[in-house]
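The structure file data.csv is reproduced below (CSV, C-alpha atoms).
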```csv
chain,number,residue,atom,x,y,z
A,1,MET,CA,0.0,0.0,0.0
A,2,ARG,CA,2.9,2.3,0.8
A,3,HIS,CA,4.4,1.8,-2.6
A,4,PHE,CA,1.1,2.7,-4.3
A,5,LEU,CA,0.8,5.9,-2.2
A,6,VAL,CA,4.3,7.0,-3.0
A,7,MET,CA,3.7,6.3,-6.7
A,8,THR,CA,0.5,8.3,-6.6
A,9,ALA,CA,2.2,11.2,-4.8
A,10,PHE,CA,5.0,11.2,-7.4
A,11,ALA,CA,2.5,11.1,-10.3
A,12,LEU,CA,0.5,13.9,-8.7
A,13,MET,CA,3.5,16.2,-8.2
A,14,ALA,CA,4.9,15.6,-11.7
A,15,ALA,CA,1.4,16.1,-13.2
A,16,VAL,CA,0.9,19.4,-11.4
A,17,VAL,CA,4.2,20.8,-12.7
A,18,PHE,CA,3.8,19.5,-16.2
A,19,GLY,CA,0.2,20.8,-16.3
A,20,THR,CA,1.3,24.2,-15.0
A,21,VAL,CA,4.2,24.9,-17.4
A,22,ALA,CA,2.6,23.4,-20.5
A,23,LYS,CA,-0.3,24.5,-22.8
A,24,ASN,CA,-2.0,27.9,-23.1
A,25,THR,CA,-5.4,28.0,-21.4
A,26,PRO,CA,-6.4,26.8,-17.9
A,27,HIS,CA,-8.7,24.2,-19.4
A,28,GLU,CA,-5.9,22.8,-21.6
A,29,ARG,CA,-3.6,22.8,-18.6
A,30,LEU,CA,-6.1,20.9,-16.4
A,31,THR,CA,-6.7,18.3,-19.1
A,32,TYR,CA,-3.0,17.9,-19.8
A,33,GLY,CA,-2.2,17.6,-16.1
A,34,LEU,CA,-4.9,15.0,-15.7
A,35,LYS,CA,-3.7,13.1,-18.7
A,36,VAL,CA,-0.1,13.1,-17.4
A,37,PHE,CA,-1.3,11.9,-14.0
A,38,LEU,CA,-3.3,9.0,-15.4
A,39,GLU,CA,-0.4,8.0,-17.8
A,40,PHE,CA,2.0,7.9,-14.9
A,41,MET,CA,-0.3,5.8,-12.8
A,42,ALA,CA,-1.2,3.4,-15.7
A,43,ILE,CA,2.4,2.9,-16.8
A,44,GLY,CA,3.5,2.5,-13.2
A,45,LEU,CA,0.9,-0.2,-12.6
A,46,LEU,CA,1.6,-1.9,-15.9
A,47,LEU,CA,5.3,-2.0,-15.2
A,48,SER,CA,4.8,-3.3,-11.7
A,49,TRP,CA,2.8,-6.3,-13.0
A,50,VAL,CA,5.3,-7.0,-15.7
A,51,LEU,CA,8.1,-7.0,-13.1
A,52,TYR,CA,6.0,-9.1,-10.7
A,53,PHE,CA,6.1,-12.0,-13.2
A,54,LEU,CA,9.7,-11.8,-14.1
A,55,PRO,CA,11.7,-14.6,-12.3
A,56,PHE,CA,14.8,-12.5,-11.7
B,1,MET,CA,1.1,40.4,-26.1
B,2,THR,CA,0.0,38.9,-29.4
B,3,THR,CA,1.5,35.7,-30.8
B,4,ALA,CA,3.3,37.7,-33.5
B,5,GLU,CA,4.8,40.0,-30.9
B,6,MET,CA,6.0,37.0,-28.9
B,7,GLU,CA,7.5,35.4,-32.0
B,8,ARG,CA,9.3,38.7,-32.7
B,9,VAL,CA,10.7,38.9,-29.2
B,10,SER,CA,11.9,35.3,-29.2
B,11,ASN,CA,13.4,35.5,-32.7
B,12,HIS,CA,15.1,38.9,-32.9
B,13,GLU,CA,15.7,40.1,-29.4
B,14,SER,CA,17.9,38.6,-26.7
B,15,ALA,CA,16.2,38.0,-23.4
B,16,PRO,CA,16.2,41.0,-21.1
B,17,ALA,CA,18.2,41.1,-17.9
B,18,ARG,CA,14.8,40.9,-16.0
B,19,ALA,CA,14.2,37.5,-17.5
B,20,TRP,CA,17.5,36.2,-16.3
B,21,MET,CA,16.8,37.6,-12.8
B,22,MET,CA,13.4,35.9,-12.8
B,23,GLY,CA,15.0,32.6,-13.9
B,24,LEU,CA,17.6,33.0,-11.2
B,25,ALA,CA,14.9,33.8,-8.5
B,26,GLY,CA,12.9,30.8,-9.7
B,27,TRP,CA,15.8,28.5,-9.4
B,28,LEU,CA,17.0,29.9,-6.0
B,29,VAL,CA,13.6,29.8,-4.3
B,30,PRO,CA,11.1,27.5,-6.0
B,31,GLY,CA,8.0,29.6,-7.0
B,32,LEU,CA,9.7,33.0,-6.4
B,33,GLY,CA,10.2,33.6,-10.2
B,34,HIS,CA,6.5,33.5,-10.8
B,35,LEU,CA,5.6,35.2,-7.6
B,36,LEU,CA,7.7,38.3,-8.5
B,37,GLN,CA,5.8,38.5,-11.8
B,38,GLY,CA,2.4,38.4,-10.1
B,39,ARG,CA,1.7,34.8,-11.3
B,40,TRP,CA,0.8,33.7,-7.8
B,41,VAL,CA,-1.3,30.7,-8.8
B,42,ARG,CA,1.6,29.3,-10.8
B,43,ALA,CA,4.0,30.2,-8.1
B,44,LEU,CA,1.9,28.4,-5.5
B,45,LEU,CA,1.5,25.3,-7.6
B,46,LEU,CA,5.1,25.0,-8.7
B,47,GLY,CA,6.6,26.2,-5.5
B,48,ALA,CA,4.5,24.0,-3.2
B,49,THR,CA,5.1,21.0,-5.4
B,50,VAL,CA,8.9,21.4,-5.4
B,51,TRP,CA,9.0,22.1,-1.7
B,52,ILE,CA,6.7,19.1,-0.8
B,53,CYS,CA,8.7,16.8,-3.1
B,54,PHE,CA,12.0,17.9,-1.6
B,55,LEU,CA,10.9,17.7,2.0
B,56,SER,CA,9.2,14.3,1.4
B,57,GLY,CA,12.4,13.0,-0.1
B,58,LEU,CA,14.4,14.1,2.9
B,59,SER,CA,11.8,12.7,5.3
B,60,MET,CA,12.0,9.3,3.5
B,61,GLY,CA,15.7,9.2,4.1
B,62,GLY,CA,16.8,10.2,0.6
B,63,HIS,CA,20.5,11.1,-0.2
B,64,LEU,CA,21.7,14.3,-1.7
B,65,PHE,CA,24.6,14.1,-4.0
B,66,SER,CA,27.8,16.2,-4.1
B,67,VAL,CA,31.0,15.8,-6.1
B,68,GLY,CA,33.3,16.6,-3.2
B,69,GLY,CA,32.5,13.5,-1.3
B,70,ASN,CA,34.6,10.5,-0.4
B,71,GLU,CA,34.6,9.1,-4.0
B,72,GLN,CA,37.6,9.1,-6.2
B,73,GLY,CA,38.1,9.1,-10.0
B,74,LEU,CA,35.3,7.9,-12.1
B,75,SER,CA,33.1,7.3,-9.1
B,76,ALA,CA,33.4,11.0,-8.2
B,77,LEU,CA,32.4,11.9,-11.8
B,78,LEU,CA,29.3,9.7,-11.6
B,79,GLN,CA,28.1,11.9,-8.7
B,80,LEU,CA,27.9,14.8,-11.1
B,81,PRO,CA,24.6,14.1,-12.9
B,82,PRO,CA,22.6,13.5,-9.8
B,83,MET,CA,24.2,16.5,-8.1
B,84,ILE,CA,23.1,18.7,-11.0
B,85,ALA,CA,19.6,17.3,-10.6
B,86,ASN,CA,19.7,17.9,-6.8
B,87,LEU,CA,21.1,21.4,-7.3
B,88,GLY,CA,17.9,22.3,-9.2
B,89,SER,CA,16.2,22.7,-5.8
B,90,GLY,CA,18.1,25.9,-5.2
B,91,VAL,CA,18.1,27.2,-1.7
B,92,LEU,CA,16.7,23.9,-0.4
B,93,TYR,CA,19.9,22.1,-1.6
B,94,ILE,CA,22.2,24.9,-0.4
B,95,VAL,CA,20.6,25.0,3.1
B,96,SER,CA,20.8,21.2,3.4
B,97,TRP,CA,24.4,21.3,2.3
B,98,LEU,CA,25.2,24.0,4.9
B,99,PHE,CA,23.6,22.0,7.7
B,100,GLY,CA,24.8,18.7,6.4
B,101,VAL,CA,21.3,17.3,6.1
B,102,GLY,CA,20.9,14.4,3.6
B,103,PHE,CA,24.6,14.2,2.6
B,104,ALA,CA,25.7,11.4,5.0
B,105,ASP,CA,27.0,8.2,3.5
B,106,ASP,CA,25.6,5.9,6.2
B,107,PRO,CA,24.9,2.2,5.4
B,108,ALA,CA,22.2,2.1,8.1
B,109,HIS,CA,20.6,5.1,6.5
B,110,ALA,CA,20.7,3.5,3.0
B,111,ALA,CA,19.1,0.4,4.4
B,112,ARG,CA,15.8,2.2,5.1
B,113,ALA,CA,12.9,0.8,3.0
B,114,THR,CA,12.1,4.3,1.6
B,115,TYR,CA,15.7,5.2,0.8
B,116,GLU,CA,15.4,4.8,-3.0
B,117,TYR,CA,12.0,6.6,-2.9
B,118,GLY,CA,13.6,9.5,-1.1
B,119,ASN,CA,16.5,9.6,-3.6
B,120,THR,CA,14.0,9.8,-6.5
B,121,PHE,CA,11.9,12.5,-4.8
B,122,LEU,CA,15.0,14.6,-4.2
B,123,LEU,CA,16.2,14.2,-7.7
B,124,VAL,CA,12.8,14.9,-9.2
B,125,ALA,CA,12.2,18.0,-7.0
B,126,GLY,CA,15.3,19.6,-8.6
B,127,LEU,CA,14.4,18.6,-12.1
B,128,LEU,CA,10.8,19.9,-11.7
B,129,ASN,CA,12.2,23.2,-10.4
B,130,TYR,CA,14.4,23.5,-13.5
B,131,LEU,CA,11.1,23.3,-15.5
B,132,GLY,CA,9.6,26.0,-13.3
B,133,MET,CA,12.7,28.2,-13.6
B,134,LEU,CA,12.5,28.0,-17.4
B,135,ASP,CA,8.8,28.8,-17.4
B,136,ALA,CA,9.5,31.9,-15.2
B,137,PHE,CA,12.3,32.9,-17.7
B,138,ASP,CA,10.1,32.5,-20.7
B,139,ILE,CA,7.2,34.5,-19.2
B,140,ALA,CA,9.6,37.4,-18.2
B,141,ALA,CA,11.2,37.3,-21.7
B,142,GLY,CA,7.8,37.5,-23.3
B,143,ARG,CA,8.1,34.2,-25.0
B,144,LYS,CA,5.1,32.8,-23.1
B,145,ALA,CA,1.7,34.2,-22.2
```
Once you've parsed the file, please lay out its structure as C-alpha cells.
Amino acid sequence: MRHFLVMTAFALMAAVVFGTVAKNTPHERLTYGLKVFLEFMAIGLLLSWVLYFLPF
Amino acid sequence: MTTAEMERVSNHESAPARAWMMGLAGWLVPGLGHLLQGRWVRALLLGATVWICFLSGLSMGGHLFSVGGNEQGLSALLQLPPMIANLGSGVLYIVSWLFGVGFADDPAHAARATYEYGNTFLLVAGLLNYLGMLDAFDIAAGRKA
C-alpha cells in the first residue's frame, strides 16, 4: 500500500508541474495535467505487473 | 502580447536582464520567479510541489549528491549528474548542504525501506524546479503568455 501511495504522490506532483508549465489555457492545462497523472499511474501499474512475473 | 509579438521577441531580441533575474529567482527559491511576476497561482502550484517533493524526499531518508564526497576518480564523476539534478532545488539544496542534512553516507541510512524513494523524490524535485525556472524565464522574456 505504501508503494502505491508513493507512486500516486509522485505522479500527482509531476502532473501538477507538467500541467502548470505546458499549454496555453487553464482548461488545456487541467486536461493535460490529468492526462499526465493517469499516464504515470497506468504505466506504473503496468510495469509493476510485468516485473512481478519476471523470475529474476 | 500577441502571438506575432511574442515570436518577434523570441526570434530577434535577446532575453532582457529581467528574464535572467526571474529565472535565477525561480531556481533559488522554488516559486519565487513566478511570484515576482504576479503569477501567484503558478507560483503556489510550482513552489509548493517542489518544496513538498524535496521535503518528502528528505523525510523518506533520501540522499543528496555532491561531487566533493569520499569518492575518487570515475566514481566521483558519476556523482555529477545526480548532483546537477539535486542542485535544481536551489536554496533547499544549499541549506541542506550548509547544515549537512541528507549528505551522510551511512549504510544504516541506506538500508531504510524508503531510501530509494527518497532519492528519487529529491532528484525529481530539482528537475521539476528547472522546468519552473525555465517557465519563469520564458514568461519574463515575453516568449510565453
### Message
Would you mind listing, as number ranges by chain, all residues of chain A that have at least one atom within 12 Å of chain B, where all atoms listed in the file are what counts?
### Response
A: 2-7, 9-26, 29
For the residues in that selection, give me C-alpha atoms as a compact mmCIF listing (two decimals), keeping the file's coordinate frame.
```
# COMPACT_ATOMS: atom_id res chain seq x y z
CA ARG A 2 2.90 2.30 0.80
CA HIS A 3 4.40 1.80 -2.60
CA PHE A 4 1.10 2.70 -4.30
CA LEU A 5 0.80 5.90 -2.20
CA VAL A 6 4.30 7.00 -3.00
CA MET A 7 3.70 6.30 -6.70
CA ALA A 9 2.20 11.20 -4.80
CA PHE A 10 5.00 11.20 -7.40
CA ALA A 11 2.50 11.10 -10.30
CA LEU A 12 0.50 13.90 -8.70
CA MET A 13 3.50 16.20 -8.20
CA ALA A 14 4.90 15.60 -11.70
CA ALA A 15 1.40 16.10 -13.20
CA VAL A 16 0.90 19.40 -11.40
CA VAL A 17 4.20 20.80 -12.70
CA PHE A 18 3.80 19.50 -16.20
CA GLY A 19 0.20 20.80 -16.30
CA THR A 20 1.30 24.20 -15.00
CA VAL A 21 4.20 24.90 -17.40
CA ALA A 22 2.60 23.40 -20.50
CA LYS A 23 -0.30 24.50 -22.80
CA ASN A 24 -2.00 27.90 -23.10
CA THR A 25 -5.40 28.00 -21.40
CA PRO A 26 -6.40 26.80 -17.90
CA ARG A 29 -3.60 22.80 -18.60
```
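Atom pair CA of His34 in chain B / CA of Met21 in chain B: separated by 11.3 Å.
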### Task
Write out as number ranges by chain each polymer residue whose atoms come within 12 Å of range 58-75 of chain B, counting all atoms listed in the file; drop sequence neighbours fewer than 4 positions from it.
A: 2, 6; B: 51-54, 79-89, 92-97, 100-126
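Coordinates place CA of Leu36 in chain B at a distance of 26.3 Å from CA of Leu98 in chain B.
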### Near-Ala140 in chain B list (7 Å; all atoms listed in the file; drop same-chain fewer than 3 positions) as a list in words
Arg18, Ala19, Met22, Ala136 and Phe137 of chain B
